[in-house]
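One file, structure27.csv, is given below (CSV, C-alpha atoms).
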```csv
chain,number,residue,atom,x,y,z
J,1,MET,CA,116.0,98.4,-67.4
J,2,ASP,CA,115.6,94.8,-66.6
J,3,HIS,CA,118.0,93.9,-63.8
J,4,GLY,CA,116.7,90.3,-63.5
J,5,SER,CA,118.8,87.2,-64.2
J,6,HIS,CA,119.4,86.3,-67.8
J,7,ASP,CA,119.5,82.9,-69.4
J,8,PRO,CA,122.9,81.4,-70.0
J,9,GLU,CA,124.4,82.2,-73.4
J,10,PRO,CA,123.4,79.7,-76.0
J,11,ASN,CA,127.0,78.8,-76.8
J,12,THR,CA,127.8,78.0,-73.1
J,13,PRO,CA,129.6,74.7,-73.2
J,14,ALA,CA,127.9,71.6,-71.6
J,15,VAL,CA,129.3,70.5,-68.3
J,16,ARG,CA,131.2,67.3,-68.3
J,17,ALA,CA,130.0,64.4,-66.2
J,18,SER,CA,132.1,62.9,-63.4
J,19,ASP,CA,132.4,59.2,-62.6
J,20,ALA,CA,130.4,59.8,-59.4
J,21,GLU,CA,127.5,61.2,-61.5
J,22,ARG,CA,127.7,58.3,-63.9
J,23,HIS,CA,127.5,55.9,-61.0
J,24,GLU,CA,124.6,57.8,-59.5
J,25,THR,CA,122.7,57.6,-62.8
J,26,ALA,CA,123.3,53.9,-62.9
J,27,ARG,CA,122.0,53.6,-59.4
J,28,ILE,CA,118.8,55.4,-60.4
J,29,LEU,CA,118.4,53.1,-63.3
J,30,GLN,CA,118.9,50.1,-61.1
J,31,GLN,CA,116.2,51.4,-58.7
J,32,ALA,CA,113.8,52.0,-61.6
J,33,PHE,CA,114.5,48.5,-63.0
J,34,SER,CA,113.8,46.9,-59.6
J,35,GLU,CA,110.5,48.8,-59.4
J,36,GLY,CA,109.4,47.7,-62.8
J,37,ARG,CA,109.7,51.1,-64.5
J,38,LEU,CA,112.2,49.8,-67.1
J,39,THR,CA,112.4,46.6,-69.1
J,40,VAL,CA,115.5,44.5,-69.2
J,41,ASP,CA,116.4,45.8,-72.6
J,42,GLU,CA,115.8,49.4,-71.6
J,43,PHE,CA,117.9,48.9,-68.4
J,44,ASP,CA,120.8,47.4,-70.4
J,45,ALA,CA,120.7,50.2,-73.0
J,46,ARG,CA,120.5,53.1,-70.6
J,47,THR,CA,123.1,51.7,-68.3
J,48,SER,CA,125.5,51.3,-71.1
J,49,GLN,CA,124.8,54.9,-72.3
J,50,ALA,CA,125.3,56.2,-68.8
J,51,TYR,CA,128.8,54.8,-68.5
J,52,GLN,CA,129.7,56.1,-72.0
J,53,ALA,CA,128.2,59.6,-71.4
J,54,GLN,CA,130.6,62.6,-71.4
J,55,PHE,CA,128.2,65.4,-70.4
J,56,ARG,CA,125.7,65.9,-67.6
J,57,ASN,CA,122.8,66.6,-70.0
J,58,GLU,CA,123.4,63.2,-71.6
J,59,LEU,CA,122.8,61.6,-68.2
J,60,ALA,CA,119.7,63.8,-67.6
J,61,THR,CA,118.0,62.4,-70.7
J,62,LEU,CA,118.4,58.8,-69.4
J,63,THR,CA,116.5,59.5,-66.2
J,64,VAL,CA,114.1,62.4,-67.0
J,65,ASP,CA,111.1,60.0,-67.2
J,66,LEU,CA,111.9,58.3,-63.9
J,67,SER,CA,110.5,60.0,-60.8
J,68,PRO,CA,113.6,59.5,-58.6
J,69,ALA,CA,115.8,61.1,-61.2
J,70,ARG,CA,114.2,64.6,-61.1
J,71,ARG,CA,115.7,65.3,-57.7
J,72,GLN,CA,119.2,64.8,-59.2
J,73,PHE,CA,118.8,66.6,-62.6
J,74,ASP,CA,115.9,69.1,-62.3
J,75,GLY,CA,118.3,72.0,-61.7
J,76,HIS,CA,117.8,72.0,-58.0
J,77,PRO,CA,120.3,69.5,-56.5
J,78,ASP,CA,120.6,68.9,-52.9
J,79,PRO,CA,123.1,71.4,-51.6
J,80,ARG,CA,124.5,68.8,-49.1
J,81,ALA,CA,125.5,66.6,-52.1
J,82,ASP,CA,127.8,69.3,-53.5
J,83,ALA,CA,129.2,70.1,-50.1
J,84,ASP,CA,130.0,66.4,-49.6
J,85,ARG,CA,131.8,66.1,-52.9
J,86,GLN,CA,135.2,67.0,-54.1
J,87,PRO,CA,135.6,69.1,-57.3
J,88,ASP,CA,135.8,66.0,-59.4
J,89,GLY,CA,132.4,64.8,-58.1
J,90,GLU,CA,133.7,62.0,-55.9
J,91,PRO,CA,132.5,61.8,-52.3
J,92,ARG,CA,134.8,63.4,-49.7
J,93,SER,CA,136.3,61.1,-47.1
J,94,GLY,CA,134.2,61.1,-44.0
J,95,ALA,CA,131.5,63.3,-45.6
J,96,THR,CA,127.8,62.9,-44.6
J,97,GLY,CA,126.9,62.1,-48.1
J,98,GLU,CA,129.4,59.3,-48.4
J,99,LEU,CA,127.9,56.0,-49.4
J,100,HIS,CA,127.3,53.4,-46.7
J,101,PRO,CA,129.0,50.0,-47.4
J,102,GLU,CA,125.6,48.5,-48.2
J,103,ALA,CA,124.9,51.1,-50.8
J,104,ALA,CA,128.4,50.6,-52.3
J,105,ASP,CA,127.6,46.9,-52.6
J,106,ASP,CA,124.3,47.6,-54.4
J,107,ARG,CA,126.1,49.8,-56.9
J,108,ALA,CA,129.1,47.6,-57.5
J,109,PRO,CA,127.4,45.1,-59.9
J,110,LEU,CA,126.1,47.9,-62.1
J,111,ARG,CA,129.6,49.2,-62.6
J,112,ARG,CA,130.4,45.9,-64.2
J,113,VAL,CA,127.9,46.5,-67.1
J,114,THR,CA,129.9,48.3,-69.8
J,115,GLY,CA,128.1,47.6,-73.0
J,116,GLU,CA,131.4,46.8,-74.6
J,117,THR,CA,132.1,43.8,-76.8
J,118,GLY,CA,133.1,40.8,-74.8
J,119,THR,CA,134.5,37.3,-75.1
J,120,SER,CA,131.9,35.1,-76.6
J,121,ALA,CA,133.5,31.6,-76.3
J,122,SER,CA,135.8,29.5,-74.1
J,123,ILE,CA,136.7,26.1,-75.7
J,124,ALA,CA,138.9,23.3,-74.4
J,125,VAL,CA,139.5,20.3,-76.6
J,126,MET,CA,141.8,17.8,-74.9
J,127,SER,CA,143.3,20.9,-73.1
J,128,GLY,CA,142.4,23.6,-70.7
J,129,CYS,CA,140.9,27.1,-70.8
J,130,ASP,CA,140.9,29.6,-67.9
J,131,ARG,CA,139.0,32.9,-67.8
J,132,SER,CA,139.7,34.9,-64.6
J,133,GLY,CA,140.7,38.3,-63.3
J,134,VAL,CA,139.4,41.4,-65.2
J,135,TRP,CA,137.9,40.4,-68.5
J,136,THR,CA,134.6,41.2,-70.4
J,137,ILE,CA,132.1,38.5,-71.0
J,138,ALA,CA,129.7,38.8,-74.0
J,139,GLY,CA,125.9,38.7,-73.5
J,140,THR,CA,125.9,35.2,-74.8
J,141,HIS,CA,129.0,33.1,-74.0
J,142,THR,CA,129.5,29.5,-75.3
J,143,THR,CA,131.8,27.2,-73.4
J,144,VAL,CA,132.8,23.7,-74.6
J,145,ALA,CA,134.9,21.2,-72.8
J,146,PHE,CA,135.6,18.1,-74.8
J,147,MET,CA,138.0,15.8,-72.9
J,148,GLY,CA,139.3,18.9,-71.3
J,149,GLY,CA,138.5,21.5,-68.7
J,150,VAL,CA,137.2,25.1,-68.7
J,151,SER,CA,137.3,27.5,-65.7
J,152,ILE,CA,135.2,30.7,-65.8
J,153,ASP,CA,135.6,33.1,-62.9
J,154,LEU,CA,133.2,36.1,-63.0
J,155,ARG,CA,134.2,37.7,-59.7
J,156,ARG,CA,136.0,40.6,-61.4
J,157,ALA,CA,134.6,40.2,-64.9
J,158,ARG,CA,132.9,43.1,-66.7
J,159,LEU,CA,129.5,42.3,-68.3
J,160,GLN,CA,128.5,43.3,-71.8
J,161,SER,CA,124.8,43.5,-70.7
J,162,GLY,CA,122.6,43.2,-67.7
J,163,GLU,CA,121.7,39.6,-68.5
J,164,ILE,CA,124.4,37.1,-69.4
J,165,THR,CA,123.7,33.7,-70.8
J,166,ILE,CA,126.4,31.0,-70.5
J,167,ARG,CA,125.8,28.0,-72.8
J,168,ALA,CA,127.9,25.2,-71.2
J,169,PHE,CA,128.6,21.9,-72.9
J,170,ALA,CA,130.8,19.3,-71.2
J,171,VAL,CA,131.5,16.1,-73.1
J,172,TRP,CA,133.9,13.8,-71.2
J,173,GLY,CA,135.2,17.0,-69.7
J,174,GLY,CA,134.5,19.5,-66.9
J,175,ILE,CA,133.4,23.1,-66.7
J,176,GLU,CA,133.6,25.1,-63.5
J,177,ILE,CA,131.8,28.5,-63.3
J,178,VAL,CA,132.2,30.9,-60.3
J,179,VAL,CA,129.5,33.5,-59.9
J,180,PRO,CA,129.9,36.3,-57.2
J,181,ASP,CA,126.9,36.8,-55.0
J,182,ASP,CA,126.3,40.4,-56.2
J,183,LEU,CA,124.9,38.8,-59.4
J,184,HIS,CA,121.7,36.8,-59.7
J,185,LEU,CA,122.1,33.2,-60.9
J,186,VAL,CA,119.6,31.1,-62.9
J,187,MET,CA,120.4,27.5,-63.9
J,188,ASP,CA,118.5,25.3,-66.3
J,189,GLY,CA,121.0,22.9,-67.8
J,190,PHE,CA,120.7,19.1,-68.1
J,191,GLY,CA,123.0,16.2,-67.2
J,192,LEU,CA,123.0,13.0,-69.2
J,193,MET,CA,125.3,10.4,-67.5
J,194,GLY,CA,126.9,13.4,-66.0
J,195,GLY,CA,126.3,16.2,-63.6
J,196,PHE,CA,124.9,19.7,-64.2
J,197,ALA,CA,124.5,21.3,-60.8
J,198,GLU,CA,125.1,24.2,-58.4
J,199,GLN,CA,127.6,23.5,-55.7
J,200,SER,CA,126.8,24.4,-52.1
J,201,GLY,CA,128.7,24.5,-48.9
J,202,THR,CA,131.6,26.7,-47.8
J,203,TRP,CA,134.0,27.6,-50.6
J,204,LYS,CA,137.6,26.8,-49.5
J,205,GLN,CA,139.0,29.8,-51.2
J,206,ASP,CA,136.8,32.3,-49.3
J,207,SER,CA,134.9,31.2,-46.2
J,208,ARG,CA,132.7,34.4,-46.0
J,209,PRO,CA,128.9,33.7,-46.1
J,210,VAL,CA,127.2,34.0,-49.5
J,211,ARG,CA,124.6,36.9,-49.6
J,212,GLN,CA,121.6,37.6,-51.7
J,213,ALA,CA,122.2,39.7,-54.8
J,214,PRO,CA,120.8,43.3,-54.5
J,215,PRO,CA,117.6,44.2,-56.3
J,216,GLY,CA,118.1,45.0,-60.0
J,217,ALA,CA,121.5,43.3,-60.1
J,218,PRO,CA,122.6,41.7,-63.4
J,219,THR,CA,121.6,38.1,-64.0
J,220,VAL,CA,123.8,35.2,-65.1
J,221,ARG,CA,121.9,32.4,-66.7
J,222,VAL,CA,123.7,29.0,-67.1
J,223,THR,CA,122.2,26.5,-69.5
J,224,GLY,CA,123.5,23.6,-71.6
J,225,LEU,CA,124.4,19.9,-71.3
J,226,ALA,CA,126.8,17.7,-69.4
J,227,LEU,CA,127.3,14.4,-71.3
J,228,MET,CA,129.5,12.0,-69.4
J,229,GLY,CA,131.0,15.1,-68.0
J,230,GLY,CA,130.3,17.8,-65.4
J,231,VAL,CA,129.2,21.4,-65.3
J,232,SER,CA,129.7,22.8,-61.8
J,233,VAL,CA,128.4,26.3,-60.8
J,234,ARG,CA,129.2,27.9,-57.5
J,235,ARG,CA,128.0,31.2,-56.0
J,236,VAL,CA,130.8,32.8,-53.9
J,237,PRO,CA,131.2,35.9,-51.9
J,238,ARG,CA,131.5,39.1,-53.9
J,239,PRO,CA,135.0,40.6,-54.2
J,240,GLU,CA,136.1,43.1,-51.5
J,241,HIS,CA,136.5,46.6,-52.9
```
Let me see whether you can do it: turn the structure in this file into structure tokens.
Amino acid sequence: MDHGSHDPEPNTPAVRASDAERHETARILQQAFSEGRLTVDEFDARTSQAYQAQFRNELATLTVDLSPARRQFDGHPDPRADADRQPDGEPRSGATGELHPEAADDRAPLRRVTGETGTSASIAVMSGCDRSGVWTIAGTHTTVAFMGGVSIDLRRARLQSGEITIRAFAVWGGIEIVVPDDLHLVMDGFGLMGGFAEQSGTWKQDSRPVRQAPPGAPTVRVTGLALMGGVSVRRVPRPEH
């Protein structure tokens, strides 16, 4: 008689994924992206799928072709990881496996990428428009200020994808864009009898120093035109979690 171990029953239900496992998968994808293992499109798609996954096997398929992932999903997890986690998968307070603050900072921007449909326009015509707090910005966002003002604050915004393009057009008006320093910023706009520039110096609302975005962090690209108006972009300290 064979007393060896048997394979699980084929109808054994899949194990549901925890938030901690989704975050860990996103971290692996971020690392792979920073190493050049994934393209921008692949990174965006897989990260979105990771945060929408319900079961562990769905997460495994997203990282199985990435060498760092096999340590997490090859069926031989680090026993210290389970010992340092609560039943819901979250790290125990004070456990040795708990994230260092630096690691938490690196993972924070990826948690912003949701893949969900976001706001695609902010328009002010002889009026004002304010986007702040928790909101979702679309992959391409058009903002127009015509004899008015637009304020876009991305400090607590969710991102539809890992690369956001803001098309800013200010005509006799002003647009102010605030970008937290856990996101990369690229600017290529143009000013005609107006200003299209990144602001520097200490931000009066938060005097903490501005840091570099972590490798693989999402990118915000600001482009457009300021015609007898102004587009002002400022990198500011990332929100405290």
Quick one: distance from CA of Thr119 (chain J) to CA of Leu154 (chain J) in Å, one decimal?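 We find that CA of Thr119 (chain J) and CA of Leu154 (chain J) lie 12.2 Å from each other.
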Which neighbours of Arg211 (chain J) fall inside 9 Å, counting only C-alpha atoms, when residues of the same chain fewer than 5 positions from it are skipped, and could you give them as number ranges by chain? J: 181-182, 236-238
Go ahead and write the residues just picked, C-alpha atoms, as an mmCIF file, in the frame of the given file.
```
data_model
loop_
_atom_site.group_PDB
_atom_site.id
_atom_site.type_symbol
_atom_site.label_atom_id
_atom_site.label_comp_id
_atom_site.auth_asym_id
_atom_site.auth_seq_id
_atom_site.Cartn_x
_atom_site.Cartn_y
_atom_site.Cartn_z
ATOM 1 C CA ASP J 181 126.900 36.800 -55.000
ATOM 2 C CA ASP J 182 126.300 40.400 -56.200
ATOM 3 C CA VAL J 236 130.800 32.800 -53.900
ATOM 4 C CA PRO J 237 131.200 35.900 -51.900
ATOM 5 C CA ARG J 238 131.500 39.100 -53.900
#
```
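Using only C-alpha atoms, the residues found no farther than 6 Å from Leu159 (chain J), other than those of its own chain fewer than 6 positions away, are Arg112, Val113, Thr136 and Ile137 of chain J.
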Of the residues J:Met187, J:Phe146, J:Pro215, J:Gln199, which is the one nearest to Gly229 (chain J), using all atoms listed in the file?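 Counting all atoms listed in the file, the residue closest to Gly229 (chain J) is J:Phe146.
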Exercise: Ala45 (chain J) partners within 12 Å, only C-alpha atoms, chain neighbours under 4 positions left out, as a ChimeraX atom specification: /J:26,29,33,38-41,49-52,62,113-116,160-163
Could you list, as a VMD selection string, every residue within 8 Å of Val150 (chain J), counting only C-alpha atoms and ignoring same-chain residues fewer than 3 positions away? chain J and resid 122 to 124 128 to 130 143 to 145 174 to 176
Residue contacts of Asp153 (chain J) (7 Å, all atoms listed in the file) excluding same-chain residues fewer than 2 positions away, as a list of chain:residue names: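 Close residues of Asp153 (chain J): J:Arg131, J:Ser132, J:Ser151, J:Arg155, J:Ile177, J:Val178, J:Val179.
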Please dump the current selection as a short mmCIF file (atom, residue, chain, number, x, y, z; two decimals), keeping the file's coordinate frame; keep C-alpha atoms.
```
data_model
loop_
_atom_site.label_atom_id
_atom_site.label_comp_id
_atom_site.auth_asym_id
_atom_site.auth_seq_id
_atom_site.Cartn_x
_atom_site.Cartn_y
_atom_site.Cartn_z
CA ARG J 131 139.00 32.90 -67.80
CA SER J 132 139.70 34.90 -64.60
CA SER J 151 137.30 27.50 -65.70
CA ARG J 155 134.20 37.70 -59.70
CA ILE J 177 131.80 28.50 -63.30
CA VAL J 178 132.20 30.90 -60.30
CA VAL J 179 129.50 33.50 -59.90
#
```
Quote the spacing between CA of Val171 (chain J) and CA of Gly148 (chain J) in Å to one decimal place. 8.5 Å
Distance of CA of Ile166 (chain J) from CA of Val222 (chain J), expressed in Å to one decimal place: 4.8 Å
Taking all atoms listed in the file into account, which of J:His23, J:Arg234, J:Arg56, J:Arg16 comes nearest Ile152 (chain J)? J:Arg234
Just checking: using all atoms listed in the file, which residue out of J:Phe196, J:Phe190, J:Phe169, J:Trp203 ends up closest to Arg235 (chain J)? J:Trp203
Using only C-alpha atoms for the distances, tell me which of J:Pro239, J:Gly230, J:Pro180, J:Gly216 is nearest to Gly149 (chain J).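 Smallest separation from Gly149 (chain J) among the options: J:Gly230.
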From the list J:Leu227, J:Asn57, J:Thr140, J:Arg111, which residue is nearest Ala20 (chain J) when using only C-alpha atoms? J:Arg111
Name the residues, using the chain letters and numbers of the file, that sit within 9 Å of (127.7, 11.9, -72.8) when counting all atoms listed in the file, and give them as a PDB file with C-alpha atoms, in the coordinates of the input.
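What ended up in out27.pdb:
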```pdb
ATOM      1  CA  ALA J 170     130.800  19.300 -71.200  1.00  0.00           C
ATOM      2  CA  VAL J 171     131.500  16.100 -73.100  1.00  0.00           C
ATOM      3  CA  TRP J 172     133.900  13.800 -71.200  1.00  0.00           C
ATOM      4  CA  GLY J 191     123.000  16.200 -67.200  1.00  0.00           C
ATOM      5  CA  LEU J 192     123.000  13.000 -69.200  1.00  0.00           C
ATOM      6  CA  MET J 193     125.300  10.400 -67.500  1.00  0.00           C
ATOM      7  CA  GLY J 194     126.900  13.400 -66.000  1.00  0.00           C
ATOM      8  CA  LEU J 225     124.400  19.900 -71.300  1.00  0.00           C
ATOM      9  CA  ALA J 226     126.800  17.700 -69.400  1.00  0.00           C
ATOM     10  CA  LEU J 227     127.300  14.400 -71.300  1.00  0.00           C
ATOM     11  CA  MET J 228     129.500  12.000 -69.400  1.00  0.00           C
ATOM     12  CA  GLY J 229     131.000  15.100 -68.000  1.00  0.00           C
TER      13      GLY J 229
END
```
